[in-house]
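**Student:** The structure file structure-v8.cif (mmCIF, N, CA and C atoms) is provided below.
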```cif
data_run
loop_
_atom_site.label_atom_id
_atom_site.label_comp_id
_atom_site.auth_asym_id
_atom_site.auth_seq_id
_atom_site.Cartn_x
_atom_site.Cartn_y
_atom_site.Cartn_z
N MET A 1 201.75 140.76 87.81
CA MET A 1 202.85 139.94 88.23
C MET A 1 204.13 140.60 87.74
N ASN A 2 205.10 140.85 88.64
CA ASN A 2 206.37 141.45 88.21
C ASN A 2 207.37 140.35 87.88
N ALA A 3 208.58 140.71 87.44
CA ALA A 3 209.59 139.76 86.98
C ALA A 3 210.02 138.81 88.08
N THR A 4 210.10 139.29 89.32
CA THR A 4 210.51 138.43 90.43
C THR A 4 209.47 137.35 90.67
N HIS A 5 208.20 137.75 90.63
CA HIS A 5 207.12 136.78 90.82
C HIS A 5 207.10 135.75 89.71
N ILE A 6 207.33 136.18 88.46
CA ILE A 6 207.32 135.25 87.32
C ILE A 6 208.45 134.26 87.47
N LEU A 7 209.67 134.73 87.81
CA LEU A 7 210.80 133.82 87.98
C LEU A 7 210.54 132.85 89.12
N PHE A 8 209.98 133.35 90.22
CA PHE A 8 209.65 132.48 91.34
C PHE A 8 208.60 131.44 90.91
N ALA A 9 207.62 131.91 90.16
CA ALA A 9 206.56 131.00 89.70
C ALA A 9 207.12 129.95 88.76
N ILE A 10 208.02 130.36 87.84
CA ILE A 10 208.61 129.40 86.92
C ILE A 10 209.46 128.40 87.69
N GLY A 11 210.26 128.87 88.62
CA GLY A 11 211.07 127.97 89.43
C GLY A 11 210.21 127.00 90.23
N THR A 12 209.11 127.50 90.79
CA THR A 12 208.20 126.63 91.54
C THR A 12 207.55 125.62 90.61
N CYS A 13 207.18 126.08 89.42
CA CYS A 13 206.52 125.18 88.46
C CYS A 13 207.46 124.09 88.00
N LEU A 14 208.69 124.44 87.75
CA LEU A 14 209.66 123.42 87.32
C LEU A 14 209.83 122.36 88.38
N GLY A 15 209.79 122.77 89.60
CA GLY A 15 209.94 121.81 90.70
C GLY A 15 208.70 120.96 90.89
N LEU A 16 207.56 121.53 90.68
CA LEU A 16 206.31 120.80 90.91
C LEU A 16 205.71 120.21 89.64
N GLY A 17 206.12 120.68 88.47
CA GLY A 17 205.59 120.14 87.22
C GLY A 17 204.24 120.70 86.85
N ALA A 18 203.84 121.86 87.34
CA ALA A 18 202.53 122.42 87.03
C ALA A 18 202.66 123.86 86.59
N CYS A 19 203.37 124.13 85.53
CA CYS A 19 203.67 125.49 85.11
C CYS A 19 202.49 126.22 84.50
N ALA A 20 201.63 125.56 83.83
CA ALA A 20 200.60 126.23 83.05
C ALA A 20 199.73 127.13 83.90
N SER A 21 199.34 126.71 85.07
CA SER A 21 198.44 127.51 85.87
C SER A 21 199.13 128.72 86.49
N ALA A 22 200.43 128.62 86.78
CA ALA A 22 201.12 129.72 87.44
C ALA A 22 201.50 130.83 86.48
N THR A 23 201.74 130.51 85.22
CA THR A 23 202.24 131.52 84.30
C THR A 23 201.22 131.95 83.26
N SER A 24 200.11 131.30 83.19
CA SER A 24 199.15 131.66 82.14
C SER A 24 198.21 132.75 82.62
N ALA A 25 197.65 133.43 81.65
CA ALA A 25 196.72 134.52 81.96
C ALA A 25 195.37 133.93 82.35
N PRO A 26 194.59 134.68 83.06
CA PRO A 26 193.26 134.21 83.45
C PRO A 26 192.41 133.88 82.23
N LYS A 27 191.56 132.85 82.34
CA LYS A 27 190.75 132.39 81.22
C LYS A 27 189.45 133.17 81.06
N ASP A 28 189.08 134.00 82.01
CA ASP A 28 187.79 134.68 81.94
C ASP A 28 187.77 135.77 80.88
N THR A 29 188.89 136.07 80.25
CA THR A 29 188.90 137.08 79.19
C THR A 29 188.64 136.46 77.83
N ASP A 30 188.54 135.14 77.74
CA ASP A 30 188.30 134.45 76.48
C ASP A 30 186.84 134.66 76.07
N THR A 31 186.62 135.40 74.99
CA THR A 31 185.26 135.69 74.54
C THR A 31 184.96 135.06 73.19
N GLY A 32 185.80 134.16 72.73
CA GLY A 32 185.59 133.50 71.44
C GLY A 32 184.39 132.56 71.48
N PRO A 33 183.99 132.09 70.32
CA PRO A 33 182.84 131.19 70.27
C PRO A 33 183.15 129.86 70.97
N ARG A 34 182.17 129.39 71.68
CA ARG A 34 182.33 128.11 72.38
C ARG A 34 181.88 126.99 71.44
N PRO A 35 182.52 125.84 71.52
CA PRO A 35 182.09 124.73 70.66
C PRO A 35 180.72 124.23 71.08
N ARG A 36 179.94 123.81 70.11
CA ARG A 36 178.61 123.26 70.38
C ARG A 36 178.66 121.76 70.17
N ILE A 37 178.23 121.02 71.14
CA ILE A 37 178.25 119.57 71.05
C ILE A 37 176.90 119.10 70.57
N VAL A 38 176.91 118.31 69.49
CA VAL A 38 175.68 117.78 68.91
C VAL A 38 175.75 116.26 68.98
N ARG A 39 174.72 115.66 69.57
CA ARG A 39 174.65 114.20 69.64
C ARG A 39 173.83 113.69 68.48
N ASP A 40 174.23 112.56 67.96
CA ASP A 40 173.48 111.90 66.89
C ASP A 40 172.52 110.91 67.54
N ASP A 41 171.28 111.33 67.81
CA ASP A 41 170.30 110.48 68.49
C ASP A 41 169.74 109.38 67.61
N THR A 42 170.04 109.39 66.33
CA THR A 42 169.52 108.33 65.47
C THR A 42 170.19 106.99 65.74
N GLN A 43 171.32 106.99 66.43
CA GLN A 43 172.04 105.76 66.71
C GLN A 43 171.60 105.10 68.02
N ILE A 44 170.76 105.77 68.80
CA ILE A 44 170.34 105.24 70.08
C ILE A 44 169.27 104.17 69.85
N VAL A 45 169.51 102.99 70.42
CA VAL A 45 168.56 101.88 70.32
C VAL A 45 168.01 101.63 71.71
N ILE A 46 166.71 101.69 71.84
CA ILE A 46 166.08 101.47 73.13
C ILE A 46 165.76 99.98 73.25
N ASP A 47 166.32 99.35 74.26
CA ASP A 47 166.11 97.93 74.49
C ASP A 47 164.97 97.78 75.48
N THR A 48 163.83 97.30 75.00
CA THR A 48 162.67 97.18 75.87
C THR A 48 162.59 95.82 76.54
N GLY A 49 163.52 94.93 76.22
CA GLY A 49 163.52 93.62 76.84
C GLY A 49 162.46 92.72 76.25
N GLY A 50 162.30 91.56 76.85
CA GLY A 50 161.30 90.62 76.38
C GLY A 50 161.82 89.71 75.28
N VAL A 51 160.94 88.87 74.79
CA VAL A 51 161.26 87.89 73.76
C VAL A 51 161.10 88.56 72.40
N PRO A 52 162.09 88.39 71.51
CA PRO A 52 161.96 88.97 70.17
C PRO A 52 160.74 88.38 69.45
N PRO A 53 160.10 89.16 68.57
CA PRO A 53 158.87 88.69 67.90
C PRO A 53 159.03 87.37 67.15
N ASP A 54 160.16 87.15 66.49
CA ASP A 54 160.32 85.90 65.75
C ASP A 54 160.39 84.70 66.70
N LYS A 55 161.03 84.86 67.84
CA LYS A 55 161.10 83.77 68.83
C LYS A 55 159.76 83.57 69.51
N GLU A 56 159.03 84.67 69.74
CA GLU A 56 157.70 84.55 70.34
C GLU A 56 156.77 83.76 69.43
N ALA A 57 156.85 84.00 68.13
CA ALA A 57 156.04 83.25 67.17
C ALA A 57 156.42 81.78 67.18
N GLU A 58 157.71 81.50 67.30
CA GLU A 58 158.19 80.12 67.36
C GLU A 58 157.68 79.42 68.63
N ILE A 59 157.65 80.13 69.74
CA ILE A 59 157.17 79.57 71.00
C ILE A 59 155.67 79.30 70.92
N ARG A 60 154.91 80.24 70.35
CA ARG A 60 153.46 80.04 70.21
C ARG A 60 153.16 78.83 69.32
N LEU A 61 153.93 78.67 68.27
CA LEU A 61 153.75 77.52 67.38
C LEU A 61 154.04 76.22 68.14
N LEU A 62 155.09 76.22 68.95
CA LEU A 62 155.41 75.05 69.77
C LEU A 62 154.25 74.72 70.71
N LEU A 63 153.68 75.73 71.36
CA LEU A 63 152.57 75.51 72.29
C LEU A 63 151.34 74.98 71.56
N GLU A 64 151.09 75.48 70.36
CA GLU A 64 149.94 75.00 69.57
C GLU A 64 150.17 73.56 69.11
N GLU A 65 151.40 73.24 68.69
CA GLU A 65 151.70 71.89 68.23
C GLU A 65 151.60 70.88 69.36
N ARG A 66 151.93 71.28 70.56
CA ARG A 66 151.91 70.37 71.71
C ARG A 66 150.64 70.54 72.55
N ASP A 67 149.64 71.11 71.96
CA ASP A 67 148.38 71.37 72.65
C ASP A 67 147.75 70.09 73.19
N SER A 68 147.93 68.96 72.49
CA SER A 68 147.30 67.71 72.92
C SER A 68 147.80 67.26 74.29
N SER A 69 149.07 67.48 74.59
CA SER A 69 149.58 67.08 75.91
C SER A 69 149.01 67.98 77.01
N ALA A 70 148.77 69.25 76.70
CA ALA A 70 148.14 70.15 77.67
C ALA A 70 146.67 69.78 77.84
N ARG A 71 146.01 69.40 76.78
CA ARG A 71 144.59 69.01 76.85
C ARG A 71 144.39 67.74 77.66
N ARG A 72 145.38 66.88 77.70
CA ARG A 72 145.28 65.65 78.48
C ARG A 72 145.07 65.97 79.95
N CYS A 73 145.70 67.05 80.45
CA CYS A 73 145.52 67.46 81.85
C CYS A 73 144.05 67.76 82.12
N TYR A 74 143.44 68.48 81.21
CA TYR A 74 142.04 68.85 81.35
C TYR A 74 141.15 67.61 81.19
N GLN A 75 141.44 66.81 80.18
CA GLN A 75 140.60 65.65 79.87
C GLN A 75 140.55 64.65 81.02
N ASP A 76 141.69 64.45 81.69
CA ASP A 76 141.72 63.51 82.83
C ASP A 76 140.78 63.96 83.94
N VAL A 77 140.76 65.23 84.27
CA VAL A 77 139.89 65.73 85.32
C VAL A 77 138.43 65.74 84.83
N LEU A 78 138.22 66.07 83.57
CA LEU A 78 136.87 66.06 82.99
C LEU A 78 136.27 64.66 83.07
N ASN A 79 137.07 63.64 82.79
CA ASN A 79 136.58 62.26 82.85
C ASN A 79 136.13 61.88 84.26
N GLU A 80 136.76 62.45 85.27
CA GLU A 80 136.36 62.20 86.66
C GLU A 80 135.08 62.95 87.00
N LYS A 81 134.92 64.15 86.47
CA LYS A 81 133.78 65.00 86.84
C LYS A 81 132.52 64.65 86.07
N HIS A 82 132.64 64.20 84.84
CA HIS A 82 131.50 63.84 83.98
C HIS A 82 130.46 64.96 83.90
N THR A 83 130.91 66.17 83.70
CA THR A 83 129.97 67.28 83.56
C THR A 83 130.43 68.23 82.46
N ARG A 84 129.48 68.67 81.66
CA ARG A 84 129.79 69.62 80.58
C ARG A 84 130.01 71.03 81.12
N GLU A 85 129.70 71.24 82.37
CA GLU A 85 129.88 72.55 82.98
C GLU A 85 131.34 72.83 83.35
N PHE A 86 132.16 71.78 83.30
CA PHE A 86 133.57 71.94 83.65
C PHE A 86 134.32 72.48 82.43
N LYS A 87 134.41 73.80 82.37
CA LYS A 87 135.10 74.46 81.25
C LYS A 87 135.61 75.81 81.70
N GLY A 88 136.52 76.36 80.92
CA GLY A 88 137.08 77.67 81.25
C GLY A 88 138.45 77.85 80.63
N THR A 89 139.14 78.89 81.08
CA THR A 89 140.45 79.22 80.55
C THR A 89 141.51 79.16 81.65
N VAL A 90 142.74 78.96 81.21
CA VAL A 90 143.89 79.03 82.11
C VAL A 90 144.94 79.89 81.40
N LYS A 91 145.26 81.02 82.00
CA LYS A 91 146.31 81.89 81.45
C LYS A 91 147.62 81.53 82.14
N VAL A 92 148.65 81.36 81.32
CA VAL A 92 149.97 81.07 81.87
C VAL A 92 150.98 82.09 81.36
N ILE A 93 151.97 82.33 82.17
CA ILE A 93 153.13 83.12 81.76
C ILE A 93 154.32 82.18 81.89
N ILE A 94 155.07 82.06 80.81
CA ILE A 94 156.22 81.18 80.80
C ILE A 94 157.47 82.04 80.72
N THR A 95 158.31 81.95 81.72
CA THR A 95 159.59 82.66 81.73
C THR A 95 160.62 81.70 81.14
N ILE A 96 161.22 82.13 80.03
CA ILE A 96 162.17 81.27 79.31
C ILE A 96 163.57 81.87 79.45
N ASP A 97 164.53 81.02 79.84
CA ASP A 97 165.90 81.50 79.98
C ASP A 97 166.67 81.33 78.67
N THR A 98 167.92 81.72 78.67
CA THR A 98 168.72 81.70 77.44
C THR A 98 168.99 80.29 76.94
N ALA A 99 168.93 79.30 77.80
CA ALA A 99 169.17 77.91 77.40
C ALA A 99 167.91 77.24 76.87
N GLY A 100 166.77 77.92 76.93
CA GLY A 100 165.52 77.34 76.43
C GLY A 100 164.72 76.59 77.47
N HIS A 101 165.01 76.80 78.74
CA HIS A 101 164.24 76.17 79.82
C HIS A 101 163.11 77.11 80.22
N GLY A 102 161.91 76.53 80.40
CA GLY A 102 160.76 77.34 80.75
C GLY A 102 160.32 77.15 82.19
N GLN A 103 159.93 78.23 82.82
CA GLN A 103 159.35 78.22 84.17
C GLN A 103 157.96 78.83 84.07
N PRO A 104 156.93 77.99 83.88
CA PRO A 104 155.57 78.52 83.75
C PRO A 104 154.93 78.80 85.10
N ARG A 105 153.97 79.72 85.08
CA ARG A 105 153.16 80.00 86.27
C ARG A 105 151.76 80.41 85.79
N VAL A 106 150.78 80.10 86.58
CA VAL A 106 149.40 80.46 86.25
C VAL A 106 149.23 81.94 86.56
N ALA A 107 148.63 82.66 85.61
CA ALA A 107 148.44 84.10 85.77
C ALA A 107 146.97 84.50 85.75
N GLY A 108 146.09 83.52 85.83
CA GLY A 108 144.67 83.84 85.84
C GLY A 108 143.88 82.83 85.03
N GLY A 109 142.65 83.19 84.77
CA GLY A 109 141.77 82.32 84.01
C GLY A 109 140.48 82.06 84.77
N THR A 110 139.60 81.30 84.13
CA THR A 110 138.28 81.05 84.72
C THR A 110 138.04 79.60 85.11
N LEU A 111 138.94 78.69 84.78
CA LEU A 111 138.72 77.27 85.06
C LEU A 111 138.73 77.00 86.57
N GLY A 112 139.70 77.54 87.27
CA GLY A 112 139.73 77.42 88.73
C GLY A 112 139.90 76.01 89.26
N ASN A 113 140.70 75.19 88.59
CA ASN A 113 140.94 73.83 89.07
C ASN A 113 142.45 73.65 89.28
N GLN A 114 142.85 73.43 90.53
CA GLN A 114 144.27 73.33 90.86
C GLN A 114 144.91 72.09 90.25
N GLU A 115 144.16 71.00 90.14
CA GLU A 115 144.71 69.76 89.57
C GLU A 115 145.09 69.96 88.09
N VAL A 116 144.22 70.60 87.34
CA VAL A 116 144.52 70.88 85.94
C VAL A 116 145.70 71.86 85.85
N ALA A 117 145.69 72.88 86.68
CA ALA A 117 146.76 73.88 86.66
C ALA A 117 148.12 73.25 86.97
N ASP A 118 148.19 72.40 88.00
CA ASP A 118 149.45 71.75 88.35
C ASP A 118 149.94 70.84 87.23
N CYS A 119 149.04 70.07 86.66
CA CYS A 119 149.40 69.19 85.55
C CYS A 119 149.90 70.01 84.36
N LEU A 120 149.18 71.07 84.03
CA LEU A 120 149.54 71.93 82.90
C LEU A 120 150.93 72.55 83.12
N LEU A 121 151.21 73.01 84.31
CA LEU A 121 152.52 73.59 84.60
C LEU A 121 153.63 72.55 84.46
N GLY A 122 153.36 71.33 84.88
CA GLY A 122 154.35 70.25 84.73
C GLY A 122 154.63 69.94 83.27
N VAL A 123 153.58 69.90 82.46
CA VAL A 123 153.75 69.64 81.02
C VAL A 123 154.53 70.77 80.37
N LEU A 124 154.18 72.01 80.66
CA LEU A 124 154.85 73.17 80.05
C LEU A 124 156.31 73.27 80.48
N ARG A 125 156.61 72.83 81.69
CA ARG A 125 157.98 72.88 82.19
C ARG A 125 158.88 71.92 81.41
N ASP A 126 158.31 70.83 80.90
CA ASP A 126 159.09 69.81 80.19
C ASP A 126 159.35 70.14 78.73
N PHE A 127 158.68 71.13 78.18
CA PHE A 127 158.89 71.48 76.77
C PHE A 127 160.30 72.03 76.57
N GLU A 128 160.82 71.81 75.37
CA GLU A 128 162.11 72.41 74.99
C GLU A 128 161.81 73.66 74.18
N TYR A 129 162.01 74.80 74.78
CA TYR A 129 161.74 76.08 74.13
C TYR A 129 162.98 76.52 73.34
N PRO A 130 162.80 77.43 72.40
CA PRO A 130 163.98 77.92 71.66
C PRO A 130 164.94 78.67 72.57
N LYS A 131 166.21 78.59 72.24
CA LYS A 131 167.22 79.34 72.99
C LYS A 131 167.10 80.81 72.64
N LEU A 132 167.27 81.64 73.65
CA LEU A 132 167.12 83.09 73.49
C LEU A 132 168.44 83.80 73.78
N ASP A 133 168.61 84.98 73.20
CA ASP A 133 169.79 85.80 73.50
C ASP A 133 169.75 86.28 74.94
N ARG A 134 168.55 86.54 75.42
CA ARG A 134 168.34 86.90 76.82
C ARG A 134 166.95 86.37 77.20
N GLY A 135 166.76 86.10 78.45
CA GLY A 135 165.50 85.54 78.90
C GLY A 135 164.33 86.49 78.73
N GLY A 136 163.13 85.93 78.78
CA GLY A 136 161.94 86.76 78.67
C GLY A 136 160.69 85.98 79.00
N ASP A 137 159.56 86.66 79.01
CA ASP A 137 158.26 86.08 79.34
C ASP A 137 157.37 86.00 78.12
N VAL A 138 156.59 84.92 78.05
CA VAL A 138 155.57 84.76 77.02
C VAL A 138 154.27 84.43 77.72
N GLN A 139 153.21 85.11 77.34
CA GLN A 139 151.89 84.83 77.92
C GLN A 139 151.09 84.00 76.92
N TYR A 140 150.37 83.01 77.43
CA TYR A 140 149.59 82.13 76.57
C TYR A 140 148.32 81.76 77.32
N GLU A 141 147.22 81.58 76.59
CA GLU A 141 145.96 81.23 77.24
C GLU A 141 145.40 79.95 76.63
N TYR A 142 145.06 79.02 77.49
CA TYR A 142 144.41 77.77 77.08
C TYR A 142 142.92 77.91 77.33
N LYS A 143 142.14 77.47 76.38
CA LYS A 143 140.68 77.46 76.54
C LYS A 143 140.24 76.00 76.56
N PHE A 144 139.67 75.59 77.68
CA PHE A 144 139.25 74.22 77.85
C PHE A 144 137.73 74.12 77.89
N GLU A 145 137.20 73.19 77.12
CA GLU A 145 135.77 72.87 77.17
C GLU A 145 135.56 71.46 76.66
N PRO A 146 134.51 70.79 77.12
CA PRO A 146 134.27 69.41 76.70
C PRO A 146 134.08 69.33 75.19
N GLN A 147 134.55 68.25 74.60
CA GLN A 147 134.41 68.04 73.16
C GLN A 147 133.14 67.25 72.83
N TYR A 148 132.40 66.85 73.82
CA TYR A 148 131.16 66.08 73.57
C TYR A 148 129.94 66.89 73.92
#
```
Show the structure stored in the file as structure tokens.
**Tutor:**
Amino acid sequence: MNATHILFAIGTCLGLGACASATSAPKDTDTGPRPRIVRDDTQIVIDTGGVPPDKEAEIRLLLEERDSSARRCYQDVLNEKHTREFKGTVKVIITIDTAGHGQPRVAGGTLGNQEVADCLLGVLRDFEYPKLDRGGDVQYEYKFEPQY
């Protein structure tokens, strides 16, 4: 670049406000050490979601304490059937929101009785679950068998 080009470039830069690129030397001659970026991975927390263990324990305790109301669903149908063969399990998954409201659903089991399942879901829906920071699912299994 000769003096005329530099003056023209400076004049153009002053008018446009972008002087650095017109008057600076090419960057490809820079052979100095490049900075190395190091991340501190010890600060990364992986959020796997779900109900925290302390709240899950609290929910399981609630379900165990209120087991008698769930058993009433089974007992009513058992009284109609009058058979010791009427037994099995009902697995439920309860989705709990941040306000502590539960939305249960049947997720399997061996009992296979819709009347007991519907009653059980109604009972579980009425429970007051602990409030959570974020919603999550809890799985629970009821085992039903005659007591006589």
**Student:** Compare A:Cys73, A:Gly88, A:Val138, A:Ile94 by their minimum atom-to-atom distance to Glu115 of chain A, counting only N, CA and C atoms, and give me the closest one.
**Tutor:**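 Of A:Cys73, A:Gly88, A:Val138, A:Ile94, the one nearest Glu115 of chain A is A:Cys73, counting only N, CA and C atoms.
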**Student:** Given the file shown, enumerate the residues that the PyMOL selection byres ((chain A and resi 101-114) around 6.5) captures and present them as an MDAnalysis selection string.
**Tutor:** chainID A and resid 87:100 115:119 121 124:125 127:130
**Student:** Please compute the atom N of Leu61 of chain A-atom C of Pro146 of chain A distance, one decimal, in Å.
**Tutor:** 23.0 Å
**Student:** One decimal, Å: what's the distance from atom N of Asn79 of chain A over to atom CA of Leu62 of chain A, could you say?
**Tutor:**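 Value for the atom N of Asn79 of chain A-atom CA of Leu62 of chain A distance: 25.2 Å.
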**Student:** What is the distance between atom CA of Gly50 of chain A and atom CA of Tyr74 of chain A, in Å to one decimal?
**Tutor:** 29.5 Å
**Student:** Nearest to Tyr140 of chain A: which of A:Ala70, A:Leu78, A:Leu63, A:Leu120 is it, counting only C-alpha atoms?
**Tutor:**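 Closest residue, counting only C-alpha atoms: A:Leu63.
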**Student:** What parts of segment 39-147 of chain A does DSSP call strand (DSSP E or B)? I'd like the answer as a PyMOL selection string.
**Tutor:** chain A and resi 88-96+102-109+136-144
